[in-house]
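Novice: One file is attached below, input39.csv, containing CSV, N, CA and C atoms.
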chain,number,residue,atom,x,y,z
A,1,MET,N,87.9,112.7,109.8
A,1,MET,CA,87.9,112.0,108.5
A,1,MET,C,88.3,110.5,108.8
A,2,THR,N,87.3,109.6,108.7
A,2,THR,CA,87.7,108.2,108.9
A,2,THR,C,87.9,107.5,107.5
A,3,PRO,N,88.8,106.5,107.5
A,3,PRO,CA,89.0,105.9,106.2
A,3,PRO,C,87.8,105.1,105.7
A,4,THR,N,87.8,104.9,104.4
A,4,THR,CA,86.8,104.1,103.8
A,4,THR,C,86.7,102.7,104.4
A,5,ASN,N,85.5,102.3,104.8
A,5,ASN,CA,85.3,101.0,105.4
A,5,ASN,C,85.0,99.9,104.3
A,6,HIS,N,84.2,100.2,103.4
A,6,HIS,CA,83.8,99.3,102.4
A,6,HIS,C,83.6,100.0,101.1
A,7,VAL,N,83.8,99.4,100.0
A,7,VAL,CA,83.6,99.9,98.7
A,7,VAL,C,82.9,98.8,97.9
A,8,LEU,N,81.8,99.2,97.1
A,8,LEU,CA,81.1,98.3,96.3
A,8,LEU,C,81.4,98.6,94.9
A,9,ILE,N,81.8,97.6,94.1
A,9,ILE,CA,82.1,97.8,92.7
A,9,ILE,C,81.1,97.0,91.9
A,10,VAL,N,80.5,97.7,90.9
A,10,VAL,CA,79.5,97.0,90.0
A,10,VAL,C,79.9,97.3,88.6
A,11,GLN,N,79.8,96.3,87.8
A,11,GLN,CA,80.1,96.4,86.4
A,11,GLN,C,79.2,97.4,85.7
A,12,GLN,N,79.8,98.3,84.9
A,12,GLN,CA,79.0,99.3,84.2
A,12,GLN,C,77.9,98.7,83.4
A,13,ARG,N,78.1,97.6,82.8
A,13,ARG,CA,77.1,96.9,81.9
A,13,ARG,C,75.8,96.6,82.7
A,14,LEU,N,76.0,96.2,84.0
A,14,LEU,CA,74.9,96.0,84.9
A,14,LEU,C,74.1,97.2,85.2
A,15,VAL,N,74.8,98.3,85.5
A,15,VAL,CA,74.1,99.6,85.7
A,15,VAL,C,73.4,100.1,84.5
A,16,ASP,N,74.0,99.9,83.3
A,16,ASP,CA,73.4,100.3,82.1
A,16,ASP,C,72.1,99.4,81.8
A,17,SER,N,72.2,98.2,82.2
A,17,SER,CA,71.0,97.3,81.9
A,17,SER,C,69.9,97.5,83.0
A,18,TYR,N,70.3,97.9,84.2
A,18,TYR,CA,69.4,98.0,85.3
A,18,TYR,C,69.7,99.4,86.0
A,19,PRO,N,69.2,100.5,85.4
A,19,PRO,CA,69.5,101.8,86.0
A,19,PRO,C,69.2,102.0,87.4
A,20,GLU,N,68.3,101.3,88.0
A,20,GLU,CA,67.9,101.4,89.4
A,20,GLU,C,68.8,100.6,90.3
A,21,LEU,N,69.7,99.8,89.7
A,21,LEU,CA,70.5,98.9,90.5
A,21,LEU,C,71.4,99.7,91.5
A,22,ALA,N,72.1,100.7,91.0
A,22,ALA,CA,73.0,101.5,91.9
A,22,ALA,C,72.3,102.0,93.2
A,23,TRP,N,71.2,102.6,93.0
A,23,TRP,CA,70.4,103.1,94.2
A,23,TRP,C,69.9,102.0,95.0
A,24,GLN,N,69.5,100.9,94.5
A,24,GLN,CA,69.0,99.7,95.3
A,24,GLN,C,70.1,99.2,96.1
A,25,LEU,N,71.3,99.0,95.6
A,25,LEU,CA,72.4,98.5,96.3
A,25,LEU,C,72.8,99.5,97.4
A,26,TYR,N,72.9,100.8,97.0
A,26,TYR,CA,73.3,101.8,98.0
A,26,TYR,C,72.3,101.8,99.2
A,27,ASN,N,71.0,101.8,98.9
A,27,ASN,CA,70.0,101.8,100.0
A,27,ASN,C,70.1,100.5,100.8
A,28,ALA,N,70.3,99.4,100.2
A,28,ALA,CA,70.3,98.1,100.9
A,28,ALA,C,71.5,98.1,101.9
A,29,PHE,N,72.7,98.6,101.4
A,29,PHE,CA,73.9,98.6,102.3
A,29,PHE,C,73.7,99.6,103.4
A,30,GLU,N,73.1,100.7,103.1
A,30,GLU,CA,72.9,101.8,104.1
A,30,GLU,C,71.9,101.3,105.2
A,31,ALA,N,70.9,100.6,104.8
A,31,ALA,CA,69.9,100.0,105.7
A,31,ALA,C,70.6,99.0,106.6
A,32,SER,N,71.4,98.1,106.0
A,32,SER,CA,72.2,97.1,106.7
A,32,SER,C,73.1,97.7,107.7
A,33,LYS,N,73.8,98.8,107.4
A,33,LYS,CA,74.7,99.5,108.3
A,33,LYS,C,73.9,100.1,109.5
A,34,GLN,N,72.8,100.7,109.2
A,34,GLN,CA,72.0,101.3,110.3
A,34,GLN,C,71.4,100.2,111.2
A,35,GLU,N,71.1,99.1,110.7
A,35,GLU,CA,70.6,97.9,111.5
A,35,GLU,C,71.8,97.4,112.4
A,36,ALA,N,73.0,97.4,111.8
A,36,ALA,CA,74.1,96.9,112.6
A,36,ALA,C,74.4,97.9,113.7
A,37,TYR,N,74.3,99.2,113.5
A,37,TYR,CA,74.4,100.2,114.6
A,37,TYR,C,73.4,100.0,115.7
A,38,LYS,N,72.1,99.8,115.2
A,38,LYS,CA,71.1,99.6,116.2
A,38,LYS,C,71.3,98.3,117.1
A,39,ARG,N,71.7,97.2,116.4
A,39,ARG,CA,72.0,96.0,117.2
A,39,ARG,C,73.2,96.2,118.1
A,40,ALA,N,74.2,96.9,117.6
A,40,ALA,CA,75.4,97.1,118.5
A,40,ALA,C,75.0,97.8,119.8
A,41,LEU,N,74.2,98.8,119.7
A,41,LEU,CA,73.8,99.5,120.9
A,41,LEU,C,72.9,98.6,121.7
A,42,GLN,N,72.0,97.9,121.1
A,42,GLN,CA,71.1,97.0,121.8
A,42,GLN,C,71.9,95.9,122.6
A,43,TYR,N,72.8,95.3,121.9
A,43,TYR,CA,73.5,94.2,122.6
A,43,TYR,C,74.6,94.6,123.5
A,44,ALA,N,75.2,95.8,123.2
A,44,ALA,CA,76.2,96.3,124.1
A,44,ALA,C,75.5,96.7,125.5
A,45,ALA,N,74.3,97.1,125.4
A,45,ALA,CA,73.6,97.5,126.7
A,45,ALA,C,73.4,96.2,127.6
A,46,GLY,N,73.4,95.1,127.0
A,46,GLY,CA,73.3,93.8,127.8
A,46,GLY,C,74.6,93.3,128.4
A,47,TYR,N,75.7,93.9,127.9
A,47,TYR,CA,77.0,93.4,128.3
A,47,TYR,C,77.9,94.4,129.0
A,48,LEU,N,77.7,95.7,128.6
A,48,LEU,CA,78.5,96.7,129.1
A,48,LEU,C,77.8,97.6,130.1
A,49,LEU,N,78.5,98.0,131.2
A,49,LEU,CA,77.8,98.8,132.2
A,49,LEU,C,77.5,100.2,131.7
A,50,PHE,N,78.3,100.8,130.8
A,50,PHE,CA,78.1,102.1,130.4
A,50,PHE,C,78.0,102.2,128.9
A,51,ALA,N,77.3,101.3,128.3
A,51,ALA,CA,77.2,101.1,126.8
A,51,ALA,C,76.7,102.4,126.2
A,52,LYS,N,75.7,103.0,126.7
A,52,LYS,CA,75.1,104.2,126.0
A,52,LYS,C,76.2,105.3,126.0
A,53,ASP,N,76.9,105.4,127.1
A,53,ASP,CA,77.9,106.5,127.3
A,53,ASP,C,79.0,106.3,126.2
A,54,ILE,N,79.4,105.1,125.9
A,54,ILE,CA,80.4,104.8,124.9
A,54,ILE,C,79.9,105.3,123.5
A,55,PHE,N,78.7,105.0,123.2
A,55,PHE,CA,78.1,105.4,121.9
A,55,PHE,C,78.0,107.0,121.8
A,56,VAL,N,77.6,107.6,123.0
A,56,VAL,CA,77.5,109.0,123.0
A,56,VAL,C,78.9,109.7,122.8
A,57,ARG,N,79.9,109.2,123.4
A,57,ARG,CA,81.3,109.7,123.3
A,57,ARG,C,81.7,109.5,121.8
A,58,GLN,N,81.4,108.3,121.2
A,58,GLN,CA,81.8,108.1,119.8
A,58,GLN,C,81.1,109.1,118.9
A,59,ALA,N,79.8,109.3,119.1
A,59,ALA,CA,79.1,110.3,118.3
A,59,ALA,C,79.6,111.7,118.5
A,60,ALA,N,80.1,112.0,119.7
A,60,ALA,CA,80.6,113.4,119.9
A,60,ALA,C,81.9,113.5,119.1
A,61,ALA,N,82.7,112.5,119.0
A,61,ALA,CA,84.0,112.6,118.3
A,61,ALA,C,83.8,112.4,116.8
A,62,PHE,N,82.9,111.5,116.3
A,62,PHE,CA,82.8,111.2,114.9
A,62,PHE,C,81.5,111.5,114.2
A,63,GLY,N,80.5,112.0,115.0
A,63,GLY,CA,79.2,112.3,114.5
A,63,GLY,C,78.3,111.0,114.7
A,64,ALA,N,77.1,111.2,114.3
A,64,ALA,CA,76.1,110.1,114.6
A,64,ALA,C,76.5,108.8,113.8
A,65,ASP,N,77.1,109.0,112.6
A,65,ASP,CA,77.4,107.9,111.8
A,65,ASP,C,79.0,107.9,111.5
A,66,PRO,N,79.7,107.1,112.3
A,66,PRO,CA,81.2,107.1,112.1
A,66,PRO,C,81.7,106.7,110.8
A,67,PHE,N,80.9,106.0,110.0
A,67,PHE,CA,81.3,105.5,108.7
A,67,PHE,C,80.2,106.0,107.7
A,68,PRO,N,80.2,107.3,107.4
A,68,PRO,CA,79.1,107.7,106.5
A,68,PRO,C,79.3,107.2,105.0
A,69,SER,N,78.2,107.0,104.4
A,69,SER,CA,78.2,106.5,103.0
A,69,SER,C,78.2,107.7,102.0
A,70,GLY,N,78.5,107.5,100.8
A,70,GLY,CA,78.4,108.4,99.8
A,70,GLY,C,79.6,109.3,99.5
A,71,LEU,N,79.5,110.0,98.3
A,71,LEU,CA,80.6,110.8,97.8
A,71,LEU,C,80.9,112.0,98.7
A,72,ALA,N,79.8,112.7,99.0
A,72,ALA,CA,80.0,114.0,99.7
A,72,ALA,C,80.7,113.8,101.1
A,73,ALA,N,80.3,112.8,101.8
A,73,ALA,CA,80.9,112.5,103.1
A,73,ALA,C,82.3,112.0,103.0
A,74,ASN,N,82.7,111.4,101.9
A,74,ASN,CA,84.0,110.8,101.8
A,74,ASN,C,84.9,111.5,100.8
A,75,ARG,N,84.5,112.6,100.2
A,75,ARG,CA,85.3,113.3,99.2
A,75,ARG,C,86.7,113.6,99.7
A,76,ASN,N,86.8,114.3,100.8
A,76,ASN,CA,88.1,114.7,101.3
A,76,ASN,C,89.1,113.5,101.5
A,77,MET,N,88.5,112.4,102.1
A,77,MET,CA,89.3,111.2,102.3
A,77,MET,C,89.8,110.6,100.9
A,78,LEU,N,88.9,110.6,100.0
A,78,LEU,CA,89.2,110.0,98.6
A,78,LEU,C,90.2,110.9,97.9
A,79,MET,N,90.1,112.2,98.1
A,79,MET,CA,91.1,113.1,97.5
A,79,MET,C,92.5,113.0,98.1
A,80,THR,N,92.5,112.8,99.4
A,80,THR,CA,93.7,112.5,100.1
A,80,THR,C,94.4,111.2,99.7
A,81,LEU,N,93.5,110.2,99.6
A,81,LEU,CA,94.0,108.9,99.1
A,81,LEU,C,94.6,109.0,97.7
A,82,ALA,N,93.9,109.7,96.8
A,82,ALA,CA,94.4,109.8,95.4
A,82,ALA,C,95.7,110.6,95.4
A,83,ARG,N,95.7,111.7,96.1
A,83,ARG,CA,97.0,112.6,96.2
A,83,ARG,C,98.2,111.8,96.7
A,84,GLU,N,98.0,111.1,97.8
A,84,GLU,CA,99.1,110.4,98.4
A,84,GLU,C,99.5,109.2,97.5
A,85,SER,N,98.6,108.5,96.9
A,85,SER,CA,98.9,107.4,96.0
A,85,SER,C,99.7,107.9,94.8
A,86,PHE,N,99.3,109.1,94.3
A,86,PHE,CA,100.1,109.6,93.2
A,86,PHE,C,101.5,110.1,93.7
A,87,THR,N,101.5,110.7,94.8
A,87,THR,CA,102.8,111.2,95.3
A,87,THR,C,103.8,110.1,95.6
A,88,GLU,N,103.3,108.9,96.1
A,88,GLU,CA,104.1,107.8,96.4
A,88,GLU,C,104.4,106.9,95.1
A,89,GLY,N,103.9,107.3,94.0
A,89,GLY,CA,104.1,106.6,92.8
A,89,GLY,C,103.3,105.3,92.6
A,90,LEU,N,102.2,105.2,93.4
A,90,LEU,CA,101.4,104.0,93.3
A,90,LEU,C,100.5,104.0,92.1
A,91,ILE,N,100.1,105.2,91.7
A,91,ILE,CA,99.3,105.4,90.5
A,91,ILE,C,100.0,106.5,89.6
A,92,SER,N,99.8,106.4,88.3
A,92,SER,CA,100.5,107.3,87.4
A,92,SER,C,99.8,108.6,87.2
A,93,SER,N,98.5,108.8,87.6
A,93,SER,CA,97.8,110.1,87.5
A,93,SER,C,96.8,110.1,88.6
A,94,ARG,N,96.4,111.3,89.0
A,94,ARG,CA,95.3,111.4,90.0
A,94,ARG,C,94.0,111.2,89.3
A,95,PRO,N,93.1,110.3,89.8
A,95,PRO,CA,91.8,110.1,89.2
A,95,PRO,C,90.9,111.2,89.5
A,96,ASP,N,89.9,111.4,88.6
A,96,ASP,CA,88.8,112.3,88.9
A,96,ASP,C,87.9,111.6,89.9
A,97,ILE,N,87.8,112.1,91.1
A,97,ILE,CA,87.0,111.5,92.1
A,97,ILE,C,85.5,111.2,91.7
A,98,GLU,N,85.0,112.2,91.0
A,98,GLU,CA,83.6,112.0,90.5
A,98,GLU,C,83.5,110.8,89.6
A,99,ALA,N,84.4,110.6,88.8
A,99,ALA,CA,84.4,109.5,87.8
A,99,ALA,C,84.5,108.1,88.5
A,100,LEU,N,84.9,108.1,89.7
A,100,LEU,CA,85.0,106.8,90.4
A,100,LEU,C,83.6,106.3,90.9
A,101,PHE,N,82.6,107.2,90.9
A,101,PHE,CA,81.3,106.9,91.3
A,101,PHE,C,80.3,106.7,90.2
A,102,CYS,N,79.4,105.8,90.3
A,102,CYS,CA,78.3,105.7,89.3
A,102,CYS,C,77.6,107.0,89.2
A,103,GLU,N,77.3,107.4,88.0
A,103,GLU,CA,76.7,108.7,87.8
A,103,GLU,C,75.5,108.9,88.6
A,104,ALA,N,74.7,107.9,88.8
A,104,ALA,CA,73.5,108.0,89.6
A,104,ALA,C,73.7,108.3,91.0
A,105,LEU,N,74.9,108.0,91.5
A,105,LEU,CA,75.2,108.1,93.0
A,105,LEU,C,76.1,109.3,93.3
A,106,ARG,N,76.5,110.1,92.3
A,106,ARG,CA,77.4,111.2,92.5
A,106,ARG,C,76.8,112.3,93.4
A,107,SER,N,75.5,112.3,93.6
A,107,SER,CA,74.8,113.2,94.5
A,107,SER,C,74.8,112.8,95.9
A,108,THR,N,75.3,111.6,96.2
A,108,THR,CA,75.3,111.1,97.6
A,108,THR,C,76.3,111.8,98.5
Rewrite the structure of this file - the entire thing - as structure tokens.
Specialist:
Amino acid sequence: MTPTNHVLIVQQRLVDSYPELAWQLYNAFEASKQEAYKRALQYAAGYLLFAKDIFVRQAAAFGADPFPSGLAANRNMLMTLARESFTEGLISSRPDIEALFCEALRST
């Protein structure tokens, strides 16, 4: 379980006005991340002697995507964060994890 790397917040009024916006943003950021992974491997190969081995070992430890997107892949980490934040008194109640995500993206 790796910690959340990035979170995108969009005003509800924008999602209400443009229902496809949530998926468009999700897909754009996911495509950007995959391109970054591709470039990292490509450029590392030019500078590191064992670049491919480094990425293979990382994938063995964390899976093909060390920073997966979406609710399903991050649910345990989000629940842990909510529980610990509540226990430490940082928040007054535990949030409903589902409610933190745009309804359109809750299936991710």
Novice: Using backbone DSSP assignments, extract all alpha helix (DSSP H) residues from range 9-70 of chain A; output them as a ChimeraX atom specification.
Specialist: /A:12-17,21-47,51-62
Novice: Measuring atom to atom with only N, CA and C atoms, identify which of A:Glu30, A:Gln11, A:Gly70, A:Lys38 is nearest to Ser107 in chain A.
Specialist: A:Gly70
Novice: Can you tell me, as a PyMOL selection string, what residues are no more than 10 Å from range 92-99 of chain A when counting only C-alpha atoms, ignoring any on the same chain fewer than 5 positions away?
Specialist: chain A and resi 71+75-76+78-79+81-87+105-107
Novice: Using CA of Phe101 in chain A and atom N of Phe67 in chain A as the two end points, give the distance in Å to one decimal.
Specialist: 18.7 Å
Novice: Can you measure CA of Tyr43 in chain A to CA of Leu8 in chain A for me? One decimal in Å is fine.
Specialist: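 One can read the CA of Tyr43 in chain A to CA of Leu8 in chain A distance as 27.7 Å.
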Novice: Would you mind reading off the distance between atom C of Val10 in chain A and CA of Gly89 in chain A, one decimal, in Å?
Specialist: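 Atom-to-atom, atom C of Val10 in chain A to CA of Gly89 in chain A, that is 26.3 Å.
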